[in-house]
$ cat start_0.tsv   # TSV, C-alpha atoms
chain	number	residue	atom	x	y	z
A	1	MET	CA	-13.48	-16.04	-15.03
A	2	THR	CA	-13.08	-19.77	-14.40
A	3	VAL	CA	-13.25	-21.36	-10.95
A	4	TRP	CA	-9.46	-21.74	-10.87
A	5	GLU	CA	-8.96	-18.13	-11.90
A	6	ALA	CA	-11.38	-16.99	-9.20
A	7	MET	CA	-9.48	-19.03	-6.61
A	8	ALA	CA	-6.21	-17.50	-7.76
A	9	VAL	CA	-7.61	-13.96	-7.47
A	10	CYS	CA	-8.98	-14.65	-3.99
A	11	ALA	CA	-5.67	-16.20	-2.87
A	12	ALA	CA	-3.83	-13.17	-4.22
A	13	GLY	CA	-6.20	-10.97	-2.20
A	14	ILE	CA	-5.37	-12.88	0.98
A	15	ALA	CA	-1.64	-12.55	0.33
A	16	ALA	CA	-1.97	-8.85	-0.53
A	17	GLY	CA	-4.03	-8.10	2.58
A	18	GLY	CA	-1.43	-9.74	4.80
A	19	ILE	CA	1.55	-8.14	3.06
A	20	ASN	CA	-0.04	-4.68	3.11
A	21	THR	CA	-0.64	-4.97	6.84
A	22	ILE	CA	2.95	-5.98	7.50
A	23	VAL	CA	4.79	-3.53	5.25
A	24	GLY	CA	2.96	-2.79	1.96
A	25	SER	CA	3.43	-3.88	-1.66
A	26	GLY	CA	0.37	-6.15	-1.81
A	27	THR	CA	-0.58	-4.66	-5.18
A	28	LEU	CA	2.48	-6.39	-6.62
A	29	ILE	CA	0.66	-9.66	-5.89
A	30	THR	CA	-2.89	-8.85	-7.00
A	31	PHE	CA	-2.20	-6.68	-10.04
A	32	PRO	CA	-0.26	-9.33	-12.03
A	33	VAL	CA	-2.93	-11.93	-11.21
A	34	LEU	CA	-5.67	-9.65	-12.53
A	35	LEU	CA	-3.66	-9.11	-15.71
A	36	ALA	CA	-3.20	-12.86	-16.01
A	37	VAL	CA	-6.95	-13.53	-15.91
A	38	GLY	CA	-7.49	-11.11	-18.79
A	39	LEU	CA	-8.39	-7.72	-17.31
A	40	PRO	CA	-7.06	-4.62	-19.12
A	41	PRO	CA	-4.40	-2.76	-17.09
A	42	VAL	CA	-6.50	0.26	-16.07
A	43	THR	CA	-9.54	-1.89	-15.25
A	44	ALA	CA	-7.29	-4.23	-13.26
A	45	ASN	CA	-5.83	-1.30	-11.33
A	46	VAL	CA	-9.23	0.20	-10.51
A	47	SER	CA	-10.66	-3.20	-9.50
A	48	ASN	CA	-7.59	-3.82	-7.37
A	49	SER	CA	-7.94	-0.48	-5.57
A	50	LEU	CA	-11.58	-1.17	-4.78
A	51	GLY	CA	-10.90	-4.72	-3.63
A	52	LEU	CA	-8.05	-3.82	-1.29
A	53	VAL	CA	-10.08	-1.33	0.76
A	54	PRO	CA	-11.49	-3.99	3.15
A	55	GLY	CA	-7.96	-5.35	3.60
A	56	SER	CA	-6.63	-1.91	4.56
A	57	VAL	CA	-9.46	-1.42	7.05
A	58	SER	CA	-8.96	-4.94	8.42
A	59	GLY	CA	-5.24	-4.32	8.92
A	60	ALA	CA	-5.92	-1.02	10.69
A	61	ILE	CA	-8.38	-2.76	13.02
A	62	GLY	CA	-5.81	-5.46	13.69
A	63	TYR	CA	-3.37	-2.78	14.85
A	64	ARG	CA	-5.93	-0.88	16.95
A	65	ARG	CA	-3.92	-1.29	20.17
A	66	GLU	CA	-0.92	0.46	18.60
A	67	LEU	CA	-3.20	3.29	17.42
A	68	ARG	CA	-4.14	4.35	20.93
A	69	GLY	CA	-3.04	7.90	21.70
A	70	GLN	CA	-2.39	8.76	18.04
A	71	ARG	CA	-5.68	10.44	17.17
A	72	ASP	CA	-4.19	13.85	16.30
A	73	ARG	CA	-1.41	12.30	14.25
A	74	VAL	CA	-3.83	10.13	12.31
A	75	LEU	CA	-6.14	13.08	11.60
A	76	ARG	CA	-3.32	15.33	10.36
A	77	LEU	CA	-1.62	12.76	8.20
A	78	GLY	CA	-4.93	11.22	7.11
A	79	ALA	CA	-6.08	14.57	5.71
A	80	ALA	CA	-2.89	14.82	3.65
A	81	ALA	CA	-3.29	11.23	2.46
A	82	LEU	CA	-6.91	11.90	1.44
A	83	VAL	CA	-5.94	14.86	-0.74
A	84	GLY	CA	-3.11	12.89	-2.29
A	85	GLY	CA	-5.23	9.80	-2.90
A	86	LEU	CA	-7.94	11.80	-4.66
A	87	THR	CA	-5.32	13.54	-6.80
A	88	GLY	CA	-3.83	10.21	-7.86
A	89	ALA	CA	-7.23	8.75	-8.68
A	90	VAL	CA	-8.09	11.76	-10.86
A	91	LEU	CA	-4.76	11.47	-12.67
A	92	LEU	CA	-5.37	7.77	-13.34
A	93	LEU	CA	-8.60	8.52	-15.20
A	94	THR	CA	-7.49	11.82	-16.74
A	95	LEU	CA	-4.30	10.58	-18.33
A	96	PRO	CA	-4.75	8.34	-21.40
A	97	SER	CA	-4.55	4.58	-20.91
A	98	SER	CA	-1.42	4.54	-23.07
A	99	ALA	CA	0.27	6.73	-20.45
A	100	PHE	CA	-0.69	4.18	-17.77
A	101	ASP	CA	0.81	1.39	-19.87
A	102	MET	CA	4.10	3.31	-20.08
A	103	ILE	CA	4.21	4.66	-16.52
A	104	VAL	CA	3.20	1.59	-14.53
A	105	PRO	CA	6.21	-0.62	-15.42
A	106	VAL	CA	8.42	2.22	-14.18
A	107	LEU	CA	6.35	2.59	-11.01
A	108	ILE	CA	6.53	-1.15	-10.35
A	109	ALA	CA	10.30	-1.10	-10.85
A	110	LEU	CA	10.62	1.80	-8.38
A	111	ALA	CA	8.38	-0.06	-5.95
A	112	LEU	CA	10.60	-3.14	-6.20
A	113	VAL	CA	13.65	-0.99	-5.47
A	114	LEU	CA	11.91	0.34	-2.36
A	115	VAL	CA	11.02	-3.18	-1.25
A	116	VAL	CA	14.63	-4.30	-1.66
A	117	LEU	CA	15.98	-1.21	0.13
A	118	GLN	CA	13.46	-1.42	2.97
A	119	PRO	CA	15.93	-3.08	5.40
A	120	ARG	CA	18.47	-0.33	4.74
A	121	LEU	CA	15.80	2.33	5.22
A	122	ALA	CA	14.82	0.72	8.53
A	123	ALA	CA	18.49	0.62	9.58
A	124	ALA	CA	18.87	4.30	8.71
A	125	VAL	CA	15.84	5.09	10.85
A	126	ARG	CA	17.33	3.19	13.78
A	127	ARG	CA	20.69	4.95	13.45
A	128	ARG	CA	18.99	8.34	13.35
A	129	ARG	CA	17.10	7.56	16.53
A	130	GLU	CA	20.27	6.44	18.27
A	131	ARG	CA	21.90	9.77	17.39
A	132	ASP	CA	18.89	11.96	18.13
A	133	GLU	CA	17.10	11.51	21.43
A	134	ARG	CA	14.84	14.52	20.89
A	135	SER	CA	11.21	13.86	20.14
A	136	GLY	CA	10.98	16.61	17.49
A	137	HIS	CA	7.58	17.45	16.08
A	138	PRO	CA	5.15	14.78	17.35
A	139	HIS	CA	3.42	14.58	13.97
A	140	GLY	CA	6.36	15.25	11.63
A	141	GLY	CA	5.30	18.80	10.77
A	142	ALA	CA	4.69	20.22	7.30
A	143	PRO	CA	7.49	18.21	5.61
A	144	LEU	CA	5.88	14.92	6.60
A	145	GLN	CA	2.39	16.07	5.62
A	146	GLY	CA	3.70	17.12	2.21
A	147	GLY	CA	5.49	13.83	1.78
A	148	ILE	CA	2.40	11.85	2.78
A	149	ALA	CA	0.31	13.83	0.27
A	150	LEU	CA	2.75	12.98	-2.54
A	151	ALA	CA	2.88	9.33	-1.47
A	152	GLY	CA	-0.93	9.34	-1.34
A	153	ALA	CA	-1.06	10.64	-4.92
A	154	TYR	CA	1.15	7.75	-5.94
A	155	GLY	CA	-1.10	5.38	-4.00
A	156	GLY	CA	-4.25	6.72	-5.65
A	157	TYR	CA	-2.67	6.31	-9.08
A	158	PHE	CA	-1.20	2.83	-8.63
A	159	GLY	CA	-0.18	2.10	-5.04
A	160	ALA	CA	2.41	-0.68	-5.09
A	161	ALA	CA	4.78	-0.23	-2.12
A	162	GLN	CA	3.02	2.91	-0.91
A	163	GLY	CA	3.21	1.40	2.58
A	164	VAL	CA	7.01	1.23	2.32
A	165	VAL	CA	7.06	4.94	1.44
A	166	TYR	CA	4.83	5.82	4.41
A	167	LEU	CA	7.01	3.82	6.80
A	168	ALA	CA	10.19	5.45	5.49
A	169	LEU	CA	8.79	8.99	5.72
A	170	MET	CA	7.28	8.60	9.16
A	171	GLY	CA	10.23	6.63	10.48
A	172	LEU	CA	12.63	9.40	9.51
A	173	LEU	CA	10.50	12.34	10.65
A	174	ILE	CA	8.69	10.99	13.73
A	175	HIS	CA	10.45	9.76	16.87
A	176	ASP	CA	8.20	6.87	17.90
A	177	ASP	CA	8.01	3.08	18.06
A	178	LEU	CA	7.98	1.44	14.63
A	179	GLN	CA	4.96	-0.70	15.49
A	180	ARG	CA	2.97	2.44	16.28
A	181	ILE	CA	4.16	3.98	13.02
A	182	ASN	CA	3.15	0.82	11.17
A	183	ALA	CA	-0.33	1.11	12.68
A	184	VAL	CA	-0.63	4.65	11.28
A	185	LYS	CA	0.64	3.37	7.93
A	186	ASN	CA	-2.28	0.94	7.76
A	187	VAL	CA	-4.75	3.75	8.42
A	188	LEU	CA	-3.16	5.92	5.71
A	189	GLY	CA	-3.41	3.03	3.25
A	190	ALA	CA	-7.09	2.63	4.11
A	191	VAL	CA	-7.67	6.38	3.59
A	192	VAL	CA	-5.92	6.47	0.21
A	193	ASN	CA	-7.49	3.26	-1.09
A	194	GLY	CA	-10.90	4.24	0.26
A	195	THR	CA	-10.77	7.72	-1.27
A	196	ALA	CA	-9.73	6.36	-4.65
A	197	ALA	CA	-12.38	3.63	-4.41
A	198	VAL	CA	-15.23	6.08	-3.77
A	199	PHE	CA	-14.10	8.17	-6.73
A	200	PHE	CA	-13.78	5.11	-8.98
A	201	LEU	CA	-17.26	3.85	-8.06
A	202	PHE	CA	-18.83	6.80	-9.85
A	203	VAL	CA	-16.56	7.37	-12.83
A	204	ALA	CA	-14.50	4.27	-13.68
A	205	ASP	CA	-14.97	0.83	-15.23
A	206	PHE	CA	-14.19	-2.12	-12.98
A	207	ASP	CA	-14.86	-5.84	-12.71
A	208	TRP	CA	-17.23	-6.60	-9.84
A	209	THR	CA	-16.20	-10.25	-9.64
A	210	ALA	CA	-12.55	-9.33	-9.22
A	211	VAL	CA	-13.44	-6.62	-6.70
A	212	LEU	CA	-15.47	-8.98	-4.51
A	213	LEU	CA	-12.88	-11.77	-4.64
A	214	ILE	CA	-10.03	-9.45	-3.68
A	215	ALA	CA	-12.18	-7.76	-1.03
A	216	CYS	CA	-12.97	-11.06	0.70
A	217	GLY	CA	-9.40	-12.25	0.45
A	218	SER	CA	-7.77	-9.01	1.56
A	219	ALA	CA	-10.09	-8.66	4.57
A	220	ALA	CA	-9.00	-12.09	5.78
A	221	GLY	CA	-5.38	-11.36	4.89
A	222	GLY	CA	-5.42	-8.13	6.88
A	223	GLN	CA	-6.27	-10.04	10.06
A	224	ILE	CA	-3.69	-12.72	9.30
A	225	GLY	CA	-1.04	-10.08	8.73
A	226	ALA	CA	-1.86	-8.30	11.99
A	227	ARG	CA	-1.78	-11.51	14.05
A	228	ILE	CA	0.99	-13.69	12.66
A	229	GLY	CA	2.65	-11.62	9.96
A	230	ARG	CA	5.58	-10.65	12.19
A	231	ARG	CA	6.67	-14.30	12.24
A	232	LEU	CA	7.28	-14.39	8.49
A	233	SER	CA	10.86	-14.18	7.25
A	234	PRO	CA	11.30	-10.67	5.81
A	235	SER	CA	13.84	-11.90	3.26
A	236	VAL	CA	11.47	-14.58	1.93
A	237	LEU	CA	8.61	-12.11	1.79
A	238	ARG	CA	10.70	-9.58	-0.12
A	239	GLY	CA	11.83	-12.30	-2.51
A	240	VAL	CA	8.25	-13.25	-3.33
A	241	ILE	CA	7.27	-9.61	-3.86
A	242	VAL	CA	10.22	-8.94	-6.16
A	243	ALA	CA	9.57	-12.10	-8.21
A	244	VAL	CA	5.91	-11.25	-8.69
A	245	GLY	CA	6.76	-7.65	-9.53
A	246	LEU	CA	9.20	-8.74	-12.23
A	247	VAL	CA	6.50	-10.97	-13.71
A	248	ALA	CA	4.13	-7.99	-13.76
A	249	ILE	CA	6.69	-5.80	-15.55
A	250	ALA	CA	7.35	-8.50	-18.14
A	251	GLN	CA	3.63	-9.04	-18.70
A	252	LEU	CA	3.00	-5.33	-19.22
A	253	LEU	CA	5.93	-4.87	-21.58
A	254	LEU	CA	5.00	-7.92	-23.67
A	255	ARG	CA	1.31	-7.07	-24.06
$ encode --input "start_0.tsv" --output "C-alpha cells"
Amino acid sequence: MTVWEAMAVCAAGIAAGGINTIVGSGTLITFPVLLAVGLPPVTANVSNSLGLVPGSVSGAIGYRRELRGQRDRVLRLGAAALVGGLTGAVLLLTLPSSAFDMIVPVLIALALVLVVLQPRLAAAVRRRRERDERSGHPHGGAPLQGGIALAGAYGGYFGAAQGVVYLALMGLLIHDDLQRINAVKNVLGAVVNGTAAVFFLFVADFDWTAVLLIACGSAAGGQIGARIGRRLSPSVLRGVIVAVGLVAIAQLLLR
C-alpha cells in the first residue's frame, strides 16, 4: 500500500466513523476504497469489520448522555444483536467467496435504497408517534428483538446501512426520542462489529495495515460524528453515500 493509498484508507475510516455515528452506512465508504487499493472482496470486508469496531465504540461513547436510563433496553437488544452478528460472521466464512461476490452487490443496492428512503422512514415514525401516544413495550418486545437479530446477521455478514435498519426498527416499535434511539443504535453497531471482529481474528484472513488505518480513522470519525455530525446536510450526506455505493457495485460487477 502506497502512502497515498494509506491516506485514502484512513480518510475513508474517518468518514465512515462519522457517518456510522450519525445514521449508518459507513461501510459504503470504506469498502470501495479497500477494493480500490487491491484487497480481495472477502478480505476487504473482514478488514473493514475489524477496523470499524473502534469507530462504533467511539460513537457510542459520544452519545453516552443519551444512553442514560437505557441499560435494560441495551442489554436486551444487545443480546439479540450479538447472536445475529455471530451468525452473519459465520455465514461470511462458511459460504464460498463466489457467493459473496454475487450477494454483496445486491446487499449494497438494498442498502442504498434504505439510505434513500431513510427520510420517509423517519417521517413514518413521526406520524405513528403523533397517532399513538401510548408508550407500548419499553423495549419493543419480541418482534423488535427478532428484527434486531436479523439485522445483526446482516451486519455480521456485510453491514452497510445496518444502522439505518436499526433506527427504522426501533423507531417504529419503541416510543422514545430519536436521539436516544440513535444512541442505542451506536451500541448495537459496536456489539455486532465487535462480535464479528473477535470471530474473524481467529479464523479469517485480513490486512493488518488496512485494519489499523480504518481503526484510527473511524475512532476519530466517531467523535466527530457525535459532536458536529448533526450540522451536516442530510441530503448531501445521502448523496455522497449513494455515489460511493454505486461505485462499489460497479467495481464488484466489473472485477
$ closest_residue --input "start_0.tsv" --among "A:Gly69, A:Gly24, A:Gly88, A:Gly225" --to "A:Val165" --atoms "all atoms listed in the file"
A:Gly24
$ atom_distance --input "start_0.tsv" --atom1 "atom CA of A:Ala226" --atom2 "atom CA of A:Gly62"
5.2 Å
$ closest_residue --input "start_0.tsv" --among "A:Ile214, A:Phe206, A:Gly84, A:Ala8" --to "A:Leu150" --atoms "all atoms listed in the file"
A:Gly84
$ atom_distance --input "start_0.tsv" --atom1 "atom CA of A:Ala124" --atom2 "atom CA of A:Ala142"
21.4 Å
$ residues_around --input "start_0.tsv" --residues "A:Ala204" --least-positions-apart "2" --cutoff "10 Å" --atoms "only C-alpha atoms" --output "PyMOL selection string"
chain A and resi 42-43+46-47+89+92-93+197+199-202+206
$ closest_residue --input "start_0.tsv" --among "A:Arg73, A:Gly13, A:Met7, A:Gly85" --to "A:Leu28" --atoms "only C-alpha atoms"
A:Gly13
$ closest_residue --input "start_0.tsv" --among "A:Gly38, A:Gly59, A:Gly51, A:Pro105" --to "A:Asn182" --atoms "only C-alpha atoms"
A:Gly59
$ closest_residue --input "start_0.tsv" --among "A:Ala81, A:Val198, A:Leu253, A:Ala220" --to "A:Ala15" --atoms "all atoms listed in the file"
A:Ala220
$ atom_distance --input "start_0.tsv" --atom1 "atom CA of A:Ala248" --atom2 "atom CA of A:Ala99"
16.6 Å
$ closest_residue --input "start_0.tsv" --among "A:Ala111, A:Leu178, A:Ala79, A:Ala6" --to "A:Glu66" --atoms "all atoms listed in the file"
A:Leu178
$ residues_around --input "start_0.tsv" --residues "A:Val74" --least-positions-apart "6" --cutoff "10 Å" --atoms "only C-alpha atoms" --output "ChimeraX atom specification"
/A:67,80-81,139,183-185,187-188
$ residues_around --input "start_0.tsv" --residues "A:Asn186" --least-positions-apart "6" --cutoff "12 Å" --atoms "all atoms listed in the file" --output "PyMOL selection string"
chain A and resi 17-24+52-64+66-67+74+77-78+81+162-167+179-180+192-194+222-223+225-226
$ residues_around --input "start_0.tsv" --residues "A:Leu34" --least-positions-apart "4" --cutoff "9 Å" --atoms "all atoms listed in the file" --output "mmCIF file with C-alpha atoms, in the frame of the given file"
data_model
loop_
_atom_site.group_PDB
_atom_site.id
_atom_site.type_symbol
_atom_site.label_atom_id
_atom_site.label_comp_id
_atom_site.auth_asym_id
_atom_site.auth_seq_id
_atom_site.Cartn_x
_atom_site.Cartn_y
_atom_site.Cartn_z
ATOM 1 C CA VAL A 9 -7.610 -13.960 -7.470
ATOM 2 C CA THR A 30 -2.890 -8.850 -7.000
ATOM 3 C CA GLY A 38 -7.490 -11.110 -18.790
ATOM 4 C CA LEU A 39 -8.390 -7.720 -17.310
ATOM 5 C CA PRO A 40 -7.060 -4.620 -19.120
ATOM 6 C CA PRO A 41 -4.400 -2.760 -17.090
ATOM 7 C CA ALA A 44 -7.290 -4.230 -13.260
ATOM 8 C CA ASN A 45 -5.830 -1.300 -11.330
ATOM 9 C CA SER A 47 -10.660 -3.200 -9.500
ATOM 10 C CA ASN A 48 -7.590 -3.820 -7.370
ATOM 11 C CA ALA A 210 -12.550 -9.330 -9.220
#
$ build_atoms --input "start_0.tsv" --residues "stretch 32-44 of chain A" --atoms "N, CA, C and O atoms" --output "short mmCIF file (atom, residue, chain, number, x, y, z; two decimals), keeping the file's coordinate frame"
data_model
loop_
_atom_site.label_atom_id
_atom_site.label_comp_id
_atom_site.auth_asym_id
_atom_site.auth_seq_id
_atom_site.Cartn_x
_atom_site.Cartn_y
_atom_site.Cartn_z
N PRO A 32 -0.63 -8.36 -10.98
CA PRO A 32 -0.26 -9.33 -12.03
C PRO A 32 -1.29 -10.44 -12.20
O PRO A 32 -1.50 -10.91 -13.33
N VAL A 33 -1.92 -10.88 -11.11
CA VAL A 33 -2.93 -11.93 -11.21
C VAL A 33 -4.12 -11.44 -12.01
O VAL A 33 -4.67 -12.17 -12.86
N LEU A 34 -4.54 -10.21 -11.77
CA LEU A 34 -5.67 -9.65 -12.53
C LEU A 34 -5.32 -9.51 -14.01
O LEU A 34 -6.17 -9.73 -14.88
N LEU A 35 -4.09 -9.15 -14.30
CA LEU A 35 -3.66 -9.11 -15.71
C LEU A 35 -3.70 -10.51 -16.31
O LEU A 35 -4.12 -10.69 -17.45
N ALA A 36 -3.28 -11.49 -15.52
CA ALA A 36 -3.20 -12.86 -16.01
C ALA A 36 -4.57 -13.44 -16.35
O ALA A 36 -4.70 -14.28 -17.26
N VAL A 37 -5.61 -13.01 -15.63
CA VAL A 37 -6.95 -13.53 -15.91
C VAL A 37 -7.66 -12.74 -17.00
O VAL A 37 -8.84 -13.00 -17.29
N GLY A 38 -6.96 -11.77 -17.60
CA GLY A 38 -7.49 -11.11 -18.79
C GLY A 38 -8.02 -9.70 -18.64
O GLY A 38 -8.54 -9.14 -19.61
N LEU A 39 -7.89 -9.08 -17.46
CA LEU A 39 -8.39 -7.72 -17.31
C LEU A 39 -7.42 -6.72 -17.93
O LEU A 39 -6.20 -6.88 -17.80
N PRO A 40 -7.93 -5.68 -18.61
CA PRO A 40 -7.06 -4.62 -19.12
C PRO A 40 -6.36 -3.92 -17.97
O PRO A 40 -6.88 -3.89 -16.85
N PRO A 41 -5.17 -3.35 -18.19
CA PRO A 41 -4.40 -2.76 -17.09
C PRO A 41 -5.15 -1.74 -16.23
O PRO A 41 -5.12 -1.82 -15.01
N VAL A 42 -5.82 -0.77 -16.86
CA VAL A 42 -6.50 0.26 -16.07
C VAL A 42 -7.67 -0.35 -15.29
O VAL A 42 -7.87 -0.06 -14.11
N THR A 43 -8.44 -1.22 -15.94
CA THR A 43 -9.54 -1.89 -15.25
C THR A 43 -9.02 -2.74 -14.09
O THR A 43 -9.61 -2.78 -13.01
N ALA A 44 -7.90 -3.42 -14.32
CA ALA A 44 -7.29 -4.23 -13.26
C ALA A 44 -6.86 -3.35 -12.10
O ALA A 44 -7.06 -3.71 -10.92
#
